[in-house]
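> Contents of upload.cif (mmCIF, C-alpha atoms):
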data_upload
#
loop_
_atom_site.label_atom_id
_atom_site.label_comp_id
_atom_site.auth_asym_id
_atom_site.auth_seq_id
_atom_site.Cartn_x
_atom_site.Cartn_y
_atom_site.Cartn_z
CA ARG E 1 3.77 11.51 -19.93
CA LEU E 2 0.02 11.58 -19.29
CA PRO E 3 -2.56 10.02 -21.58
CA LEU E 4 -4.80 12.46 -23.45
CA GLY E 5 -7.37 14.04 -21.14
CA VAL E 6 -5.85 12.81 -17.87
CA SER E 7 -5.06 15.40 -15.20
CA ARG E 8 -2.55 14.90 -12.41
CA SER E 9 -2.58 16.73 -9.08
CA ALA E 10 -0.92 16.40 -5.70
CA LEU E 11 -2.94 15.10 -2.79
CA THR E 12 -3.16 17.37 0.23
CA ALA E 13 -2.38 16.49 3.84
CA PRO E 14 -3.03 14.27 5.59
CA LEU E 15 -2.77 12.20 2.39
CA ALA E 16 0.37 12.18 0.26
CA GLY E 17 0.73 11.16 -3.34
CA GLU E 18 -0.93 11.98 -6.63
CA LEU E 19 -4.47 11.95 -7.96
CA PHE E 20 -5.06 11.05 -11.62
CA MET E 21 -8.42 12.13 -13.04
CA PRO E 22 -9.53 10.77 -16.42
CA ALA E 23 -11.40 12.88 -18.97
CA ARG E 24 -14.20 10.30 -19.02
CA PRO E 25 -14.41 8.59 -15.61
CA ASN E 26 -15.89 5.09 -15.60
CA GLY E 27 -17.12 5.25 -11.99
CA ILE E 28 -14.35 3.07 -10.58
CA GLY E 29 -11.65 4.42 -8.29
CA VAL E 30 -8.32 2.65 -7.86
CA LEU E 31 -5.90 3.08 -4.96
CA VAL E 32 -2.36 2.12 -6.05
CA ILE E 33 0.09 1.29 -3.25
CA GLY E 34 3.74 0.86 -4.23
CA GLY E 35 6.39 -1.27 -2.60
CA SER E 36 9.59 -0.93 -0.62
CA GLU E 37 10.94 1.74 -2.98
CA GLY E 38 8.78 4.29 -1.15
CA GLY E 39 7.28 7.40 -2.68
CA VAL E 40 4.55 6.98 -5.26
CA PHE E 41 4.04 4.38 -7.99
CA PRO E 42 2.62 6.56 -10.77
CA ALA E 43 3.17 4.33 -13.81
CA ARG E 44 0.17 2.08 -13.16
CA ALA E 45 -1.96 4.97 -11.93
CA THR E 46 -1.30 6.90 -15.13
CA GLN E 47 -2.16 3.91 -17.33
CA LEU E 48 -5.35 3.20 -15.42
CA ALA E 49 -6.48 6.83 -15.61
CA GLY E 50 -6.00 6.66 -19.37
CA LEU E 51 -8.55 3.82 -19.33
CA GLY E 52 -11.11 5.85 -17.36
CA PHE E 53 -10.24 4.87 -13.77
CA THR E 54 -9.93 7.67 -11.21
CA THR E 55 -6.67 6.72 -9.55
CA ILE E 56 -4.59 7.61 -6.51
CA ALA E 57 -0.90 6.75 -6.39
CA LEU E 58 -0.57 6.81 -2.60
CA ALA E 59 2.74 7.42 -0.84
CA TYR E 60 3.11 5.90 2.61
CA PHE E 61 6.81 6.55 3.29
CA ASP E 62 9.88 8.27 1.82
CA TYR E 63 7.82 11.12 0.39
CA PRO E 64 7.16 14.69 1.54
CA GLY E 65 4.68 14.65 4.41
CA ARG E 66 5.29 10.96 5.18
CA PRO E 67 7.81 9.15 7.41
CA SER E 68 11.23 8.43 5.93
CA ALA E 69 11.14 4.80 7.08
CA ALA E 70 8.51 2.13 6.49
CA GLN E 71 7.87 1.42 10.13
CA ASN E 72 4.60 1.43 12.08
CA ILE E 73 2.61 2.75 9.11
CA ALA E 74 -1.01 3.03 10.25
CA LEU E 75 -3.49 0.96 8.25
CA GLU E 76 -5.98 3.72 9.01
CA TYR E 77 -4.00 5.93 6.62
CA PHE E 78 -4.86 3.61 3.74
CA ALA E 79 -8.50 3.47 4.84
CA GLU E 80 -8.57 7.27 4.86
CA ALA E 81 -7.19 7.35 1.31
CA LEU E 82 -9.79 4.82 0.21
CA ASP E 83 -12.56 6.89 1.84
CA PHE E 84 -11.28 9.98 0.03
CA LEU E 85 -11.28 8.13 -3.28
CA ARG E 86 -14.77 6.71 -2.72
CA GLY E 87 -15.99 10.22 -1.85
CA LEU E 88 -15.00 11.70 -5.20
CA THR E 89 -17.89 12.58 -7.48
CA GLY E 90 -19.02 9.68 -9.64
CA ILE E 91 -17.11 6.91 -7.87
CA LYS E 92 -19.37 3.91 -7.37
CA ARG E 93 -16.81 1.16 -6.72
CA ALA E 94 -13.24 1.04 -5.51
CA ALA E 95 -10.32 -1.27 -6.10
CA VAL E 96 -6.96 -1.51 -4.36
CA ILE E 97 -3.75 -2.50 -6.11
CA GLY E 98 -0.71 -3.35 -4.01
CA VAL E 99 2.75 -3.90 -5.44
CA SER E 100 5.29 -6.01 -3.53
CA ARG E 101 5.39 -4.69 0.07
CA GLY E 102 2.37 -2.56 -0.81
CA SER E 103 0.49 -5.82 -1.35
CA GLU E 104 0.70 -6.38 2.40
CA ALA E 105 -1.06 -3.05 3.00
CA ALA E 106 -3.60 -3.76 0.24
CA GLN E 107 -4.48 -7.17 1.66
CA LEU E 108 -4.67 -5.88 5.22
CA LEU E 109 -6.93 -3.03 4.04
CA ALA E 110 -9.24 -5.46 2.24
CA ILE E 111 -9.40 -7.64 5.36
CA SER E 112 -10.05 -4.73 7.74
CA ALA E 113 -12.53 -2.87 5.47
CA PRO E 114 -14.11 -5.50 3.20
CA GLN E 115 -17.22 -3.39 2.59
CA ALA E 116 -15.08 -0.60 1.08
CA VAL E 117 -12.90 -2.72 -1.24
CA ASN E 118 -14.74 -4.05 -4.28
CA ALA E 119 -11.64 -5.56 -5.90
CA LEU E 120 -8.12 -6.40 -4.80
CA LEU E 121 -5.17 -6.90 -7.11
CA CYS E 122 -1.68 -7.73 -5.87
CA TRP E 123 1.54 -7.79 -7.91
CA VAL E 124 4.46 -9.71 -6.46
CA PRO E 125 2.44 -10.36 -3.32
CA THR E 126 3.27 -12.10 -0.12
CA HIS E 127 0.93 -13.93 2.21
CA LEU E 128 3.02 -12.84 5.18
CA ILE E 129 3.48 -9.64 7.16
CA HIS E 130 7.15 -8.74 7.22
CA ARG E 131 8.88 -6.33 9.54
CA GLY E 132 9.52 -2.68 8.78
CA LEU E 133 12.46 -1.24 6.93
CA ASP E 134 14.57 1.86 7.08
CA MET E 135 16.70 1.97 3.97
CA ALA E 136 18.20 5.36 4.88
CA ALA E 137 19.60 3.77 8.04
CA GLY E 138 20.77 0.74 6.05
CA GLN E 139 18.18 -1.60 7.60
CA ASP E 140 15.92 -3.82 5.61
CA PHE E 141 13.18 -6.03 7.01
CA MET E 142 15.70 -8.77 7.77
CA GLU E 143 17.61 -6.53 10.15
CA THR E 144 15.05 -4.36 11.91
CA GLU E 145 13.04 -5.12 15.01
CA SER E 146 10.23 -2.70 14.15
CA ALA E 147 6.85 -3.49 12.68
CA MET E 148 5.99 -2.38 9.15
CA TRP E 149 2.29 -1.83 9.87
CA ALA E 150 0.21 -0.70 12.81
CA GLN E 151 -3.51 -0.74 13.50
CA GLY E 152 -5.28 1.16 16.23
CA GLY E 153 -1.90 2.47 17.39
CA GLU E 154 -0.56 -1.05 17.92
CA PRO E 155 2.20 -2.58 15.79
CA LEU E 156 1.26 -5.68 13.79
CA SER E 157 3.58 -8.57 14.40
CA GLY E 158 5.82 -9.39 11.47
CA LEU E 159 8.13 -12.24 10.70
CA GLY E 160 11.70 -11.79 11.78
CA HIS E 161 14.54 -13.23 9.78
CA HIS E 162 17.32 -13.25 12.33
CA PRO E 163 18.89 -16.71 12.65
CA GLU E 164 17.63 -17.10 16.23
CA GLU E 165 14.05 -16.38 15.09
CA ARG E 166 13.88 -18.86 12.21
CA ALA E 167 12.65 -21.77 14.35
CA ASN E 168 9.91 -19.59 15.82
CA ASN E 169 8.92 -18.43 12.34
CA ALA E 170 8.76 -22.00 11.06
CA ALA E 171 6.46 -22.89 13.96
CA ARG E 172 4.22 -19.88 13.20
CA LEU E 173 4.05 -20.80 9.51
CA ALA E 174 3.10 -24.38 10.38
CA GLU E 175 -0.09 -22.99 11.98
CA PHE E 176 -1.27 -21.84 8.55
CA THR E 177 -0.62 -25.06 6.62
#
Take the structure in the file and give it back as structure tokens.


Amino acid sequence: RLPLGVSRSALTAPLAGELFMPARPNGIGVLVIGGSEGGVFPARATQLAGLGFTTIALAYFDYPGRPSAAQNIALEYFAEALDFLRGLTGIKRAAVIGVSRGSEAAQLLAISAPQAVNALLCWVPTHLIHRGLDMAAGQDFMETESAMWAQGGEPLSGLGHHPEERANNAARLAEFT
């Protein structure tokens, strides 16, 4: 159910998801990126639009027009969505909210385009990049060899969780402490 005065519309290709327009926009756009459930995360987007935020609930996998698996998702896709949001009439500032695995994308977007992200909010975040997942094939990030994210056409290295990789992962983590 939408708050009074909020409109909801589907994004068009190449973006996928939903746009929530408030009756009285406050000049701030919010990009909401969900987690490993795929599809869109409209609950927060709807609430924020009710408060005056122009909001996009962006789908990056398991949604019409997007890959079925969360593997090698281009960070440029998120930058394109943020550019679209910032280009809407009246938007002066933009925030990115990432939920769970979407927090990885949100943080990577803020790092790669700091001039475009005025605020970053992460729910159930991680400070690590994990591997991709393909739930339809029965593979989660602990079983797959593929990357979750890509930039410039190149996969971003993620932590593996196979028993033979744990020592290597511990050594990599030690570099950050």

> Kindly resolve the PyMOL selection byres ((chain E and resi 129) around 7) on the present coordinates and return the residues as an NGL selection string.

:E and (104 or 128 or 130-131 or 158-159)

> Go ahead and write the selection's residues with C-alpha atoms as a PDB file, in the frame of the given file.


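Dumped everything to out_31.pdb:
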ATOM      1  CA  GLU E 104       0.700  -6.380   2.400  1.00  0.00           C
ATOM      2  CA  LEU E 128       3.020 -12.840   5.180  1.00  0.00           C
ATOM      3  CA  HIS E 130       7.150  -8.740   7.220  1.00  0.00           C
ATOM      4  CA  ARG E 131       8.880  -6.330   9.540  1.00  0.00           C
ATOM      5  CA  GLY E 158       5.820  -9.390  11.470  1.00  0.00           C
ATOM      6  CA  LEU E 159       8.130 -12.240  10.700  1.00  0.00           C
TER       7      LEU E 159
END

> Which residues, named as in the file, does the PyMOL selection byres ((chain E and resi 47-55) around 9) pick out? Answer as a CSV table (one decimal) with C-alpha atoms, in the frame of the given file.


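In the end it all went to part-v5.csv:
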chain,number,residue,atom,x,y,z
E,2,LEU,CA,0.0,11.6,-19.3
E,3,PRO,CA,-2.6,10.0,-21.6
E,4,LEU,CA,-4.8,12.5,-23.4
E,5,GLY,CA,-7.4,14.0,-21.1
E,6,VAL,CA,-5.8,12.8,-17.9
E,7,SER,CA,-5.1,15.4,-15.2
E,18,GLU,CA,-0.9,12.0,-6.6
E,19,LEU,CA,-4.5,12.0,-8.0
E,20,PHE,CA,-5.1,11.0,-11.6
E,21,MET,CA,-8.4,12.1,-13.0
E,22,PRO,CA,-9.5,10.8,-16.4
E,23,ALA,CA,-11.4,12.9,-19.0
E,24,ARG,CA,-14.2,10.3,-19.0
E,25,PRO,CA,-14.4,8.6,-15.6
E,26,ASN,CA,-15.9,5.1,-15.6
E,27,GLY,CA,-17.1,5.2,-12.0
E,28,ILE,CA,-14.4,3.1,-10.6
E,29,GLY,CA,-11.6,4.4,-8.3
E,30,VAL,CA,-8.3,2.6,-7.9
E,31,LEU,CA,-5.9,3.1,-5.0
E,32,VAL,CA,-2.4,2.1,-6.0
E,42,PRO,CA,2.6,6.6,-10.8
E,43,ALA,CA,3.2,4.3,-13.8
E,44,ARG,CA,0.2,2.1,-13.2
E,45,ALA,CA,-2.0,5.0,-11.9
E,46,THR,CA,-1.3,6.9,-15.1
E,56,ILE,CA,-4.6,7.6,-6.5
E,57,ALA,CA,-0.9,6.8,-6.4
E,85,LEU,CA,-11.3,8.1,-3.3
E,88,LEU,CA,-15.0,11.7,-5.2
E,91,ILE,CA,-17.1,6.9,-7.9

> With the PyMOL selection byres ((chain E and resi 96) around 7) as the selection, what would be picked from this file? Answer as a PyMOL selection string, please.

chain E and resi 30-32+94-95+97-98+106+117+119-121

> In Å to one decimal, how far is atom CA of E:Ser36 from atom CA of E:His127?

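Going from atom CA of E:His127 over to atom CA of E:Ser36, I get 15.9 Å.
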
> Just the number, please: distance in Å from atom CA of E:Thr89 to atom CA of E:Gly34, one decimal.

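Taking atom CA of E:Thr89 and atom CA of E:Gly34, their separation equals 24.8 Å.
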
> Using all atoms listed in the file, pick whichever of E:Thr12, E:Gln71, E:Gly35, E:Leu58 has the shortest atom-to-atom distance to E:Ala147.

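So, comparing all the options, the nearest one is E:Gln71.
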
> Using all atoms listed in the file, what residues lie at most 6 Å away from (9.3, 1.1, 6.9) (file coordinates), given as a list in words?

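Output of the proximity query reads Ala69, Ala70, Gln71, Gly132, Leu133, Asp134 and Met148 of chain E.
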
> Please indicate the distance in Å from atom CA of E:Gly38 to atom CA of E:Glu154, rounded to one decimal place.

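Atom-to-atom, atom CA of E:Gly38 to atom CA of E:Glu154, that is 21.9 Å.
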
> Determine, counting only C-alpha atoms, which protein, DNA and RNA residues have an atom within 8 Å of an atom of E:Ala116; residues of the same chain fewer than 5 positions away are not included. Present the result as a PyMOL selection string.

chain E and resi 82-83+94+110

> Calculated over only C-alpha atoms, which of the candidates E:Trp123, E:Phe41, E:Tyr63, E:Tyr77 has the smallest distance to E:Gly153?

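Closest to E:Gly153, using only C-alpha atoms: E:Tyr77.
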
> Using only C-alpha atoms for the distances, tell me which of E:Thr126, E:Trp149, E:Gly39, E:Ser9 is nearest to E:Glu76.

E:Trp149

> Which polymer residues have any atom within 10 Å of an atom of E:Ala13, counting only C-alpha atoms, with same-chain residues fewer than 2 positions away left out, as a list in words?

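Neighbouring residues, sequence-local ones excluded: Ala10, Leu11, Leu15, Ala16, Gly17, Pro64, Gly65 and Arg66 of chain E.
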
> When you count all atoms listed in the file, which of these residues is closest to E:Lys92: E:Asn118, E:Pro14, E:Arg8, E:Ser157?

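Result for the nearest residue to E:Lys92: E:Asn118.
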
> Using the file's own x, y and z axes, so that the box edges lie along x, y and z, what centre and edge lengths in Å (one decimal) does a box around every listed atom of stretch 111-118 of chain E get when 4 Å is added on each side? Give it as AutoDock Vina command-line options.


--center_x -13.3 --center_y -4.1 --center_z 1.7 --size_x 15.8 --size_y 15.0 --size_z 20.0

> Please determine, counting all atoms listed in the file, which residue among E:Tyr60, E:Arg1, E:Glu37, E:Ser100 has the shortest atom-to-atom distance to E:Ala74.

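Looking at the shortest contact to E:Ala74, the residue is E:Tyr60.
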